[in-house]
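Engineer: What follows is protein.cif; its format and atoms are mmCIF, C-alpha atoms.
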```cif
data_input
#
loop_
_atom_site.group_PDB
_atom_site.id
_atom_site.type_symbol
_atom_site.label_atom_id
_atom_site.label_comp_id
_atom_site.auth_asym_id
_atom_site.auth_seq_id
_atom_site.Cartn_x
_atom_site.Cartn_y
_atom_site.Cartn_z
ATOM 1 C CA GLU A 28 0.000 0.000 0.000
ATOM 2 C CA ASN A 29 2.833 2.383 0.845
ATOM 3 C CA TYR A 30 4.554 1.765 -2.478
ATOM 4 C CA GLY A 31 1.248 2.489 -4.206
ATOM 5 C CA ASN A 32 0.868 5.700 -2.237
ATOM 6 C CA LEU A 33 4.416 6.733 -3.138
ATOM 7 C CA GLY A 34 3.588 5.984 -6.764
ATOM 8 C CA LEU A 35 0.622 8.327 -6.584
ATOM 9 C CA VAL A 36 2.794 11.038 -5.037
ATOM 10 C CA TYR A 37 5.356 10.707 -7.828
ATOM 11 C CA TYR A 38 2.568 10.655 -10.421
ATOM 12 C CA THR A 39 1.089 13.856 -8.983
ATOM 13 C CA ARG A 40 4.528 15.486 -8.973
ATOM 14 C CA GLY A 41 4.952 14.678 -12.660
ATOM 15 C CA GLU A 42 7.582 11.971 -12.166
ATOM 16 C CA PRO A 43 6.142 9.053 -14.182
ATOM 17 C CA ASP A 44 9.283 6.900 -14.112
ATOM 18 C CA LYS A 45 9.415 6.914 -10.313
ATOM 19 C CA ALA A 46 5.625 6.428 -10.182
ATOM 20 C CA GLU A 47 5.920 3.371 -12.417
ATOM 21 C CA GLU A 48 8.721 1.971 -10.255
ATOM 22 C CA MET A 49 6.645 2.318 -7.070
ATOM 23 C CA HIS A 50 3.495 0.852 -8.644
ATOM 24 C CA ARG A 51 5.510 -2.101 -9.972
ATOM 25 C CA LYS A 52 6.902 -2.737 -6.474
ATOM 26 C CA ALA A 53 3.381 -2.555 -5.060
ATOM 27 C CA LEU A 54 2.196 -5.002 -7.730
ATOM 28 C CA GLU A 55 5.000 -7.464 -6.933
ATOM 29 C CA LEU A 56 4.087 -7.410 -3.246
ATOM 30 C CA ASP A 57 0.348 -7.695 -3.880
ATOM 31 C CA GLN A 58 0.981 -10.648 -6.199
ATOM 32 C CA ALA A 59 3.164 -12.319 -3.536
ATOM 33 C CA LEU A 60 0.470 -11.691 -0.907
ATOM 34 C CA GLY A 61 -2.327 -12.823 -3.211
ATOM 35 C CA SER A 62 -4.124 -9.483 -2.786
ATOM 36 C CA LYS A 63 -6.402 -9.348 -5.806
ATOM 37 C CA GLN A 64 -7.855 -5.964 -4.865
ATOM 38 C CA GLY A 65 -4.356 -4.545 -4.447
ATOM 39 C CA MET A 66 -3.363 -5.954 -7.834
ATOM 40 C CA ALA A 67 -6.409 -4.347 -9.454
ATOM 41 C CA GLU A 68 -5.419 -0.980 -7.972
ATOM 42 C CA ASP A 69 -1.790 -1.428 -9.040
ATOM 43 C CA TYR A 70 -2.722 -2.295 -12.622
ATOM 44 C CA GLY A 71 -5.063 0.700 -12.736
ATOM 45 C CA ASN A 72 -2.357 3.015 -11.442
ATOM 46 C CA LEU A 73 0.138 1.666 -13.971
ATOM 47 C CA GLY A 74 -2.480 2.309 -16.641
ATOM 48 C CA LEU A 75 -2.639 5.954 -15.558
ATOM 49 C CA VAL A 76 1.137 6.277 -15.776
ATOM 50 C CA TYR A 77 1.204 4.802 -19.286
ATOM 51 C CA GLN A 78 -1.794 6.887 -20.382
ATOM 52 C CA THR A 79 -0.068 10.049 -19.191
ATOM 53 C CA ARG A 80 3.017 9.121 -21.196
ATOM 54 C CA GLY A 81 0.912 8.499 -24.288
ATOM 55 C CA GLU A 82 1.675 4.760 -24.226
ATOM 56 C CA LEU A 83 -1.930 3.882 -24.966
ATOM 57 C CA ASP A 84 -1.438 0.187 -25.782
ATOM 58 C CA LYS A 85 0.297 -0.401 -22.445
ATOM 59 C CA ALA A 86 -2.342 1.683 -20.674
ATOM 60 C CA GLU A 87 -5.117 -0.390 -22.219
ATOM 61 C CA GLU A 88 -3.349 -3.614 -21.228
ATOM 62 C CA MET A 89 -3.054 -2.490 -17.591
ATOM 63 C CA TYR A 90 -6.643 -1.227 -17.490
ATOM 64 C CA ARG A 91 -7.906 -4.515 -18.942
ATOM 65 C CA LYS A 92 -6.067 -6.474 -16.226
ATOM 66 C CA SER A 93 -7.488 -4.173 -13.565
ATOM 67 C CA LEU A 94 -10.969 -4.447 -15.062
ATOM 68 C CA ALA A 95 -10.924 -8.252 -15.089
ATOM 69 C CA ILE A 96 -9.976 -8.419 -11.411
ATOM 70 C CA SER A 97 -12.352 -5.621 -10.349
ATOM 71 C CA GLU A 98 -15.300 -7.235 -12.127
ATOM 72 C CA ALA A 99 -14.473 -10.660 -10.666
ATOM 73 C CA LEU A 100 -14.374 -9.180 -7.163
ATOM 74 C CA GLY A 101 -17.560 -7.139 -7.691
ATOM 75 C CA LEU A 102 -15.768 -3.825 -7.108
ATOM 76 C CA LYS A 103 -18.299 -1.607 -8.868
ATOM 77 C CA GLU A 104 -16.655 1.762 -8.144
ATOM 78 C CA ALA A 105 -13.293 0.534 -9.360
ATOM 79 C CA THR A 106 -14.905 -1.086 -12.390
ATOM 80 C CA ALA A 107 -16.680 2.156 -13.289
ATOM 81 C CA SER A 108 -13.434 4.093 -12.967
ATOM 82 C CA ILE A 109 -11.552 1.666 -15.204
ATOM 83 C CA TYR A 110 -14.320 1.760 -17.829
ATOM 84 C CA GLY A 111 -13.983 5.540 -17.829
ATOM 85 C CA ASN A 112 -10.211 5.344 -18.203
ATOM 86 C CA LEU A 113 -10.557 2.889 -21.081
ATOM 87 C CA GLY A 114 -13.004 5.314 -22.686
ATOM 88 C CA ILE A 115 -10.390 8.062 -22.510
ATOM 89 C CA VAL A 116 -7.777 5.781 -24.089
ATOM 90 C CA TYR A 117 -10.139 4.896 -26.934
ATOM 91 C CA LYS A 118 -11.080 8.548 -27.490
ATOM 92 C CA LYS A 119 -7.411 9.492 -27.726
ATOM 93 C CA ARG A 120 -6.983 6.777 -30.364
ATOM 94 C CA GLY A 121 -10.019 8.006 -32.278
ATOM 95 C CA GLU A 122 -11.961 4.802 -31.544
ATOM 96 C CA LEU A 123 -15.106 6.718 -30.704
ATOM 97 C CA ASP A 124 -17.573 3.813 -30.723
ATOM 98 C CA LYS A 125 -15.468 1.973 -28.136
ATOM 99 C CA ALA A 126 -14.990 5.188 -26.154
ATOM 100 C CA GLU A 127 -18.728 5.795 -26.015
ATOM 101 C CA GLU A 128 -19.379 2.182 -24.986
ATOM 102 C CA MET A 129 -16.880 2.397 -22.120
ATOM 103 C CA HIS A 130 -18.263 5.721 -20.856
ATOM 104 C CA ARG A 131 -21.815 4.345 -21.032
ATOM 105 C CA ASN A 132 -20.742 1.264 -19.047
ATOM 106 C CA ALA A 133 -19.172 3.543 -16.431
ATOM 107 C CA LEU A 134 -22.277 5.723 -16.330
ATOM 108 C CA GLU A 135 -24.545 2.733 -15.822
ATOM 109 C CA LEU A 136 -22.489 1.551 -12.840
ATOM 110 C CA ASN A 137 -22.273 5.030 -11.323
ATOM 111 C CA GLN A 138 -26.047 5.446 -11.682
ATOM 112 C CA ALA A 139 -26.570 2.136 -9.876
ATOM 113 C CA LEU A 140 -24.175 3.285 -7.145
ATOM 114 C CA GLY A 141 -25.824 6.720 -6.926
ATOM 115 C CA SER A 142 -22.433 8.370 -7.454
ATOM 116 C CA LYS A 143 -23.136 11.944 -8.546
ATOM 117 C CA GLN A 144 -19.466 12.694 -9.095
ATOM 118 C CA GLY A 145 -18.999 9.533 -11.151
ATOM 119 C CA MET A 146 -22.048 10.344 -13.257
ATOM 120 C CA ALA A 147 -20.863 13.934 -13.771
ATOM 121 C CA ILE A 148 -17.487 12.677 -15.002
ATOM 122 C CA ASN A 149 -19.155 10.162 -17.305
ATOM 123 C CA TYR A 150 -21.516 12.756 -18.801
ATOM 124 C CA THR A 151 -18.550 15.082 -19.330
ATOM 125 C CA ASN A 152 -16.616 12.354 -21.126
ATOM 126 C CA LEU A 153 -19.627 11.350 -23.227
ATOM 127 C CA GLY A 154 -20.070 15.003 -24.203
ATOM 128 C CA ASN A 155 -16.435 15.102 -25.278
ATOM 129 C CA VAL A 156 -16.916 12.018 -27.462
ATOM 130 C CA TYR A 157 -20.031 13.532 -29.044
ATOM 131 C CA GLU A 158 -18.233 16.826 -29.659
ATOM 132 C CA LYS A 159 -15.393 14.990 -31.401
ATOM 133 C CA ARG A 160 -17.982 13.289 -33.612
ATOM 134 C CA GLY A 161 -19.581 16.650 -34.428
ATOM 135 C CA LYS A 162 -22.826 15.694 -32.658
ATOM 136 C CA LEU A 163 -23.106 18.989 -30.860
ATOM 137 C CA ASP A 164 -26.717 18.579 -29.697
ATOM 138 C CA LYS A 165 -25.778 15.346 -27.933
ATOM 139 C CA ALA A 166 -22.611 16.941 -26.520
ATOM 140 C CA GLU A 167 -24.650 19.838 -25.173
ATOM 141 C CA ALA A 168 -27.218 17.523 -23.578
ATOM 142 C CA ALA A 169 -24.516 15.440 -21.887
ATOM 143 C CA TRP A 170 -22.620 18.497 -20.651
ATOM 144 C CA LYS A 171 -25.842 20.002 -19.252
ATOM 145 C CA LYS A 172 -26.426 16.830 -17.214
ATOM 146 C CA SER A 173 -22.837 17.021 -16.017
ATOM 147 C CA LEU A 174 -23.220 20.701 -15.143
ATOM 148 C CA HIS A 175 -26.340 20.098 -13.054
ATOM 149 C CA LEU A 176 -24.636 17.319 -11.106
ATOM 150 C CA TYR A 177 -21.497 19.377 -10.493
ATOM 151 C CA GLN A 178 -23.577 22.373 -9.408
ATOM 152 C CA ALA A 179 -25.584 20.214 -7.003
ATOM 153 C CA MET A 180 -22.316 19.082 -5.408
ATOM 154 C CA GLY A 181 -20.761 22.553 -5.407
ATOM 155 C CA HIS A 182 -17.918 21.088 -7.456
ATOM 156 C CA PRO A 183 -15.425 23.485 -9.095
ATOM 157 C CA ASP A 184 -15.620 21.648 -12.465
ATOM 158 C CA ALA A 185 -19.054 23.239 -12.933
ATOM 159 C CA LYS A 186 -17.279 26.402 -14.120
ATOM 160 C CA MET A 187 -15.370 24.501 -16.804
ATOM 161 C CA ILE A 188 -18.508 22.774 -18.084
ATOM 162 C CA GLN A 189 -20.421 26.066 -18.105
ATOM 163 C CA GLN A 190 -17.594 27.609 -20.128
ATOM 164 C CA TRP A 191 -17.808 24.801 -22.690
ATOM 165 C CA LEU A 192 -21.564 25.276 -22.966
ATOM 166 C CA ASP A 193 -21.119 29.052 -23.378
ATOM 167 C CA GLU A 194 -18.502 28.523 -26.099
ATOM 168 C CA LEU A 195 -20.783 26.072 -27.870
ATOM 169 C CA ALA A 196 -23.647 28.594 -27.776
ATOM 170 C CA GLN A 197 -21.346 31.350 -29.104
ATOM 171 C CA ASP A 198 -20.136 29.122 -31.950
ATOM 172 C CA ARG A 199 -23.711 28.307 -32.891
ATOM 173 C CA ALA A 200 -24.691 32.002 -32.801
ATOM 174 C CA LYS A 201 -21.791 32.867 -35.107
ATOM 175 C CA GLN A 202 -22.841 30.142 -37.545
ATOM 176 C CA GLN A 203 -26.426 31.398 -37.609
ATOM 177 C CA ALA A 204 -25.636 35.107 -37.878
ATOM 178 C CA PRO A 205 -25.875 36.545 -41.389
ATOM 179 C CA SER A 206 -22.621 37.853 -42.803
ATOM 180 C CA ALA A 207 -21.822 40.209 -45.663
ATOM 181 C CA ASP A 208 -20.775 37.219 -47.746
ATOM 182 C CA ASN A 209 -23.856 35.198 -46.882
ATOM 183 C CA PRO A 210 -26.891 37.455 -46.245
ATOM 184 C CA ARG A 211 -30.128 35.751 -45.293
#
```
In structure tokens, how does this file's structure come out?
Structural biologist:
Amino acid sequence: ENYGNLGLVYYTRGEPDKAEEMHRKALELDQALGSKQGMAEDYGNLGLVYQTRGELDKAEEMYRKSLAISEALGLKEATASIYGNLGIVYKKRGELDKAEEMHRNALELNQALGSKQGMAINYTNLGNVYEKRGKLDKAEAAWKKSLHLYQAMGHPDAKMIQQWLDELAQDRAKQQAPSADNPR
């Protein structure tokens, strides 16, 4: 557990090599102890390190290992988190169908758990996938759901989501406004 915590400290400080080293040590110990839950956490943390580095294949591999263990143990919060992380990996690769599927899986679990923060994150990520696809109405709807959840929690990410919605509205207004080149 301490190696895992050190790994998170190094990750937060922007030292991915040291973070990886600590998470690998934690994984070795959890494997030796037979701690499946610890192994799931270690694989997930390694996935974050690889994702941050842009090593998406390695990140996916670690997330998949974490997901298999988390699902087998019935760890719904961890499973939802890993689905979300896989969704981010797939979005970065441009695999938007897979990204949407992962974020929907995460959302479904977070809804069952009643996790407002989890749902807000999932709606944000779904909105990002829709925006990348050019489905702005769907992006707007997802971000609005996220905004309402963040506002209800008093979460600071509400400002970011509101800014995205404002920018989307401004872009739409510009597209609809008549110009000298294109009078109505």
Engineer: Could you tell me which residues the PyMOL selection byres ((chain A and resi 69-86) around 8) grabs in this file, written as JSON, numbers by chain?
Structural biologist: {"A": [31, 35, 38, 43, 46, 47, 50, 51, 53, 54, 65, 66, 67, 68, 87, 88, 89, 90, 92, 93, 109, 116, 120]}
Engineer: May I ask which of the residues A:Ala168, A:Ile148, A:Leu195, A:Ala204 is the closest one to A:His182, counting all atoms listed in the file?
Structural biologist: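 Among the listed residues, A:Ile148 lies closest to A:His182.
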Engineer: Fewer than 2 positions away in the same chain doesn't count, so skip those; otherwise give me all residues within 9 Å of A:Ser97, counting only C-alpha atoms, as a list in words.
Structural biologist: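 With the cut-off at 9 Å, the set is Lys63, Gln64, Ala67, Glu68, Lys92, Ser93, Leu94, Ala95, Ala99, Leu100, Gly101, Leu102, Lys103, Glu104, Ala105, Thr106 and Ile109 of chain A.
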Engineer: Could you spell out the hits of the PyMOL selection byres ((chain A and resi 153) around 9) on the shown file, as a list in words?
Structural biologist: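 Evaluating the PyMOL selection byres ((chain A and resi 153) around 9) on these coordinates yields Gly114, Ala126, Glu127, His130, Arg131, Ile148, Asn149, Tyr150, Thr151, Asn152, Gly154, Asn155, Val156, Tyr157, Glu158, Lys165, Ala166, Ala169 and Trp170 of chain A.
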Engineer: Take atom CA of A:Ser173 and atom CA of A:Ala147 and report the distance between them in Å, one decimal.
Structural biologist: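 Separation of atom CA of A:Ser173 and atom CA of A:Ala147: 4.3 Å.
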Engineer: Just the number, please: distance in Å from atom CA of A:Tyr30 to atom CA of A:Met49, one decimal.
Structural biologist: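 These atoms are spaced 5.1 Å apart.
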Engineer: Could you jot down the atom CA of A:Tyr110 to atom CA of A:Glu128 separation for me, Å, one decimal place?
Structural biologist: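 Going from atom CA of A:Tyr110 over to atom CA of A:Glu128, I get 8.8 Å.
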Engineer: Please provide as a PyMOL selection string all residues within 12 Å of A:Gln190, with the sequence filter that same-chain residues fewer than 4 positions apart are discarded (counting only C-alpha atoms).
Structural biologist: chain A and resi 167+170-171+174+183-186+194-197
Engineer: Using only C-alpha atoms, which of the listed residues (A:Lys143, A:Lys118, A:Lys201, A:Arg160) sits closest to A:Tyr177?
Structural biologist: A:Lys143
Engineer: Only all heavy atoms, as a PDB file, in the first residue's frame: that is what I want for stretch 186-198 of chain A.
Structural biologist:
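Result file follows (out.pdb):
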```
ATOM      1  N   LYS A 186     -17.695  25.216 -13.359  1.00  0.00           N
ATOM      2  CA  LYS A 186     -17.279  26.402 -14.120  1.00  0.00           C
ATOM      3  C   LYS A 186     -16.745  26.015 -15.487  1.00  0.00           C
ATOM      4  O   LYS A 186     -17.035  26.676 -16.491  1.00  0.00           O
ATOM      5  CB  LYS A 186     -16.220  27.196 -13.355  1.00  0.00           C
ATOM      6  CG  LYS A 186     -16.744  27.912 -12.131  1.00  0.00           C
ATOM      7  CD  LYS A 186     -15.642  28.680 -11.423  1.00  0.00           C
ATOM      8  CE  LYS A 186     -16.177  29.320 -10.154  1.00  0.00           C
ATOM      9  NZ  LYS A 186     -15.127  30.055  -9.440  1.00  0.00           N
ATOM     10  N   MET A 187     -15.940  24.961 -15.541  1.00  0.00           N
ATOM     11  CA  MET A 187     -15.370  24.501 -16.804  1.00  0.00           C
ATOM     12  C   MET A 187     -16.478  24.050 -17.767  1.00  0.00           C
ATOM     13  O   MET A 187     -16.483  24.414 -18.939  1.00  0.00           O
ATOM     14  CB  MET A 187     -14.398  23.346 -16.556  1.00  0.00           C
ATOM     15  CG  MET A 187     -13.833  22.701 -17.812  1.00  0.00           C
ATOM     16  SD  MET A 187     -12.813  21.256 -17.436  1.00  0.00           S
ATOM     17  CE  MET A 187     -14.050  20.091 -16.819  1.00  0.00           C
ATOM     18  N   ILE A 188     -17.419  23.278 -17.248  1.00  0.00           N
ATOM     19  CA  ILE A 188     -18.508  22.774 -18.084  1.00  0.00           C
ATOM     20  C   ILE A 188     -19.366  23.940 -18.576  1.00  0.00           C
ATOM     21  O   ILE A 188     -19.760  23.987 -19.745  1.00  0.00           O
ATOM     22  CB  ILE A 188     -19.364  21.736 -17.326  1.00  0.00           C
ATOM     23  CG1 ILE A 188     -18.502  20.568 -16.841  1.00  0.00           C
ATOM     24  CG2 ILE A 188     -20.519  21.252 -18.180  1.00  0.00           C
ATOM     25  CD1 ILE A 188     -17.815  19.769 -17.913  1.00  0.00           C
ATOM     26  N   GLN A 189     -19.644  24.888 -17.696  1.00  0.00           N
ATOM     27  CA  GLN A 189     -20.421  26.066 -18.105  1.00  0.00           C
ATOM     28  C   GLN A 189     -19.687  26.820 -19.209  1.00  0.00           C
ATOM     29  O   GLN A 189     -20.307  27.290 -20.160  1.00  0.00           O
ATOM     30  CB  GLN A 189     -20.685  26.983 -16.915  1.00  0.00           C
ATOM     31  CG  GLN A 189     -21.571  28.176 -17.259  1.00  0.00           C
ATOM     32  CD  GLN A 189     -22.956  27.743 -17.724  1.00  0.00           C
ATOM     33  OE1 GLN A 189     -23.705  27.137 -16.960  1.00  0.00           O
ATOM     34  NE2 GLN A 189     -23.318  28.039 -18.964  1.00  0.00           N
ATOM     35  N   GLN A 190     -18.388  26.924 -19.096  1.00  0.00           N
ATOM     36  CA  GLN A 190     -17.594  27.609 -20.128  1.00  0.00           C
ATOM     37  C   GLN A 190     -17.716  26.882 -21.472  1.00  0.00           C
ATOM     38  O   GLN A 190     -17.871  27.514 -22.508  1.00  0.00           O
ATOM     39  CB  GLN A 190     -16.125  27.689 -19.697  1.00  0.00           C
ATOM     40  CG  GLN A 190     -15.257  28.441 -20.685  1.00  0.00           C
ATOM     41  CD  GLN A 190     -13.810  28.531 -20.224  1.00  0.00           C
ATOM     42  OE1 GLN A 190     -13.485  28.247 -19.076  1.00  0.00           O
ATOM     43  NE2 GLN A 190     -12.943  28.935 -21.125  1.00  0.00           N
ATOM     44  N   TRP A 191     -17.660  25.570 -21.446  1.00  0.00           N
ATOM     45  CA  TRP A 191     -17.808  24.801 -22.690  1.00  0.00           C
ATOM     46  C   TRP A 191     -19.178  25.038 -23.312  1.00  0.00           C
ATOM     47  O   TRP A 191     -19.297  25.198 -24.527  1.00  0.00           O
ATOM     48  CB  TRP A 191     -17.630  23.313 -22.431  1.00  0.00           C
ATOM     49  CG  TRP A 191     -16.253  22.883 -22.046  1.00  0.00           C
ATOM     50  CD1 TRP A 191     -15.117  23.656 -22.016  1.00  0.00           C
ATOM     51  CD2 TRP A 191     -15.871  21.591 -21.617  1.00  0.00           C
ATOM     52  NE1 TRP A 191     -14.055  22.896 -21.595  1.00  0.00           N
ATOM     53  CE2 TRP A 191     -14.479  21.630 -21.342  1.00  0.00           C
ATOM     54  CE3 TRP A 191     -16.550  20.398 -21.427  1.00  0.00           C
ATOM     55  CZ2 TRP A 191     -13.769  20.513 -20.901  1.00  0.00           C
ATOM     56  CZ3 TRP A 191     -15.839  19.290 -20.991  1.00  0.00           C
ATOM     57  CH2 TRP A 191     -14.473  19.349 -20.731  1.00  0.00           C
ATOM     58  N   LEU A 192     -20.208  25.046 -22.456  1.00  0.00           N
ATOM     59  CA  LEU A 192     -21.564  25.276 -22.966  1.00  0.00           C
ATOM     60  C   LEU A 192     -21.688  26.685 -23.540  1.00  0.00           C
ATOM     61  O   LEU A 192     -22.328  26.881 -24.586  1.00  0.00           O
ATOM     62  CB  LEU A 192     -22.589  25.036 -21.862  1.00  0.00           C
ATOM     63  CG  LEU A 192     -22.796  23.562 -21.486  1.00  0.00           C
ATOM     64  CD1 LEU A 192     -23.538  23.446 -20.162  1.00  0.00           C
ATOM     65  CD2 LEU A 192     -23.524  22.819 -22.601  1.00  0.00           C
ATOM     66  N   ASP A 193     -21.097  27.674 -22.877  1.00  0.00           N
ATOM     67  CA  ASP A 193     -21.119  29.052 -23.378  1.00  0.00           C
ATOM     68  C   ASP A 193     -20.400  29.155 -24.726  1.00  0.00           C
ATOM     69  O   ASP A 193     -20.892  29.805 -25.648  1.00  0.00           O
ATOM     70  CB  ASP A 193     -20.474  30.014 -22.376  1.00  0.00           C
ATOM     71  CG  ASP A 193     -21.281  30.150 -21.085  1.00  0.00           C
ATOM     72  OD1 ASP A 193     -22.464  29.746 -21.065  1.00  0.00           O
ATOM     73  OD2 ASP A 193     -20.703  30.658 -20.103  1.00  0.00           O
ATOM     74  N   GLU A 194     -19.251  28.505 -24.844  1.00  0.00           N
ATOM     75  CA  GLU A 194     -18.502  28.523 -26.099  1.00  0.00           C
ATOM     76  C   GLU A 194     -19.288  27.847 -27.220  1.00  0.00           C
ATOM     77  O   GLU A 194     -19.290  28.320 -28.359  1.00  0.00           O
ATOM     78  CB  GLU A 194     -17.146  27.846 -25.926  1.00  0.00           C
ATOM     79  CG  GLU A 194     -16.178  28.651 -25.088  1.00  0.00           C
ATOM     80  CD  GLU A 194     -14.922  27.877 -24.706  1.00  0.00           C
ATOM     81  OE1 GLU A 194     -14.733  26.722 -25.160  1.00  0.00           O
ATOM     82  OE2 GLU A 194     -14.116  28.442 -23.936  1.00  0.00           O
ATOM     83  N   LEU A 195     -19.959  26.768 -26.880  1.00  0.00           N
ATOM     84  CA  LEU A 195     -20.783  26.072 -27.870  1.00  0.00           C
ATOM     85  C   LEU A 195     -21.915  26.983 -28.341  1.00  0.00           C
ATOM     86  O   LEU A 195     -22.185  27.074 -29.548  1.00  0.00           O
ATOM     87  CB  LEU A 195     -21.342  24.778 -27.261  1.00  0.00           C
ATOM     88  CG  LEU A 195     -22.188  23.901 -28.171  1.00  0.00           C
ATOM     89  CD1 LEU A 195     -21.403  23.435 -29.391  1.00  0.00           C
ATOM     90  CD2 LEU A 195     -22.695  22.691 -27.385  1.00  0.00           C
ATOM     91  N   ALA A 196     -22.551  27.669 -27.425  1.00  0.00           N
ATOM     92  CA  ALA A 196     -23.647  28.594 -27.776  1.00  0.00           C
ATOM     93  C   ALA A 196     -23.115  29.739 -28.645  1.00  0.00           C
ATOM     94  O   ALA A 196     -23.770  30.139 -29.623  1.00  0.00           O
ATOM     95  CB  ALA A 196     -24.310  29.143 -26.522  1.00  0.00           C
ATOM     96  N   GLN A 197     -21.943  30.265 -28.309  1.00  0.00           N
ATOM     97  CA  GLN A 197     -21.346  31.350 -29.104  1.00  0.00           C
ATOM     98  C   GLN A 197     -21.001  30.874 -30.514  1.00  0.00           C
ATOM     99  O   GLN A 197     -21.243  31.594 -31.484  1.00  0.00           O
ATOM    100  CB  GLN A 197     -20.082  31.880 -28.415  1.00  0.00           C
ATOM    101  CG  GLN A 197     -20.355  32.660 -27.154  1.00  0.00           C
ATOM    102  CD  GLN A 197     -19.082  32.966 -26.376  1.00  0.00           C
ATOM    103  OE1 GLN A 197     -17.984  32.587 -26.761  1.00  0.00           O
ATOM    104  NE2 GLN A 197     -19.245  33.650 -25.239  1.00  0.00           N
ATOM    105  N   ASP A 198     -20.463  29.674 -30.625  1.00  0.00           N
ATOM    106  CA  ASP A 198     -20.136  29.122 -31.950  1.00  0.00           C
ATOM    107  C   ASP A 198     -21.396  28.946 -32.789  1.00  0.00           C
ATOM    108  O   ASP A 198     -21.404  29.252 -33.982  1.00  0.00           O
ATOM    109  CB  ASP A 198     -19.411  27.783 -31.821  1.00  0.00           C
ATOM    110  CG  ASP A 198     -17.998  27.915 -31.282  1.00  0.00           C
ATOM    111  OD1 ASP A 198     -17.466  29.052 -31.274  1.00  0.00           O
ATOM    112  OD2 ASP A 198     -17.425  26.884 -30.873  1.00  0.00           O
TER     113      ASP A 198
END
```
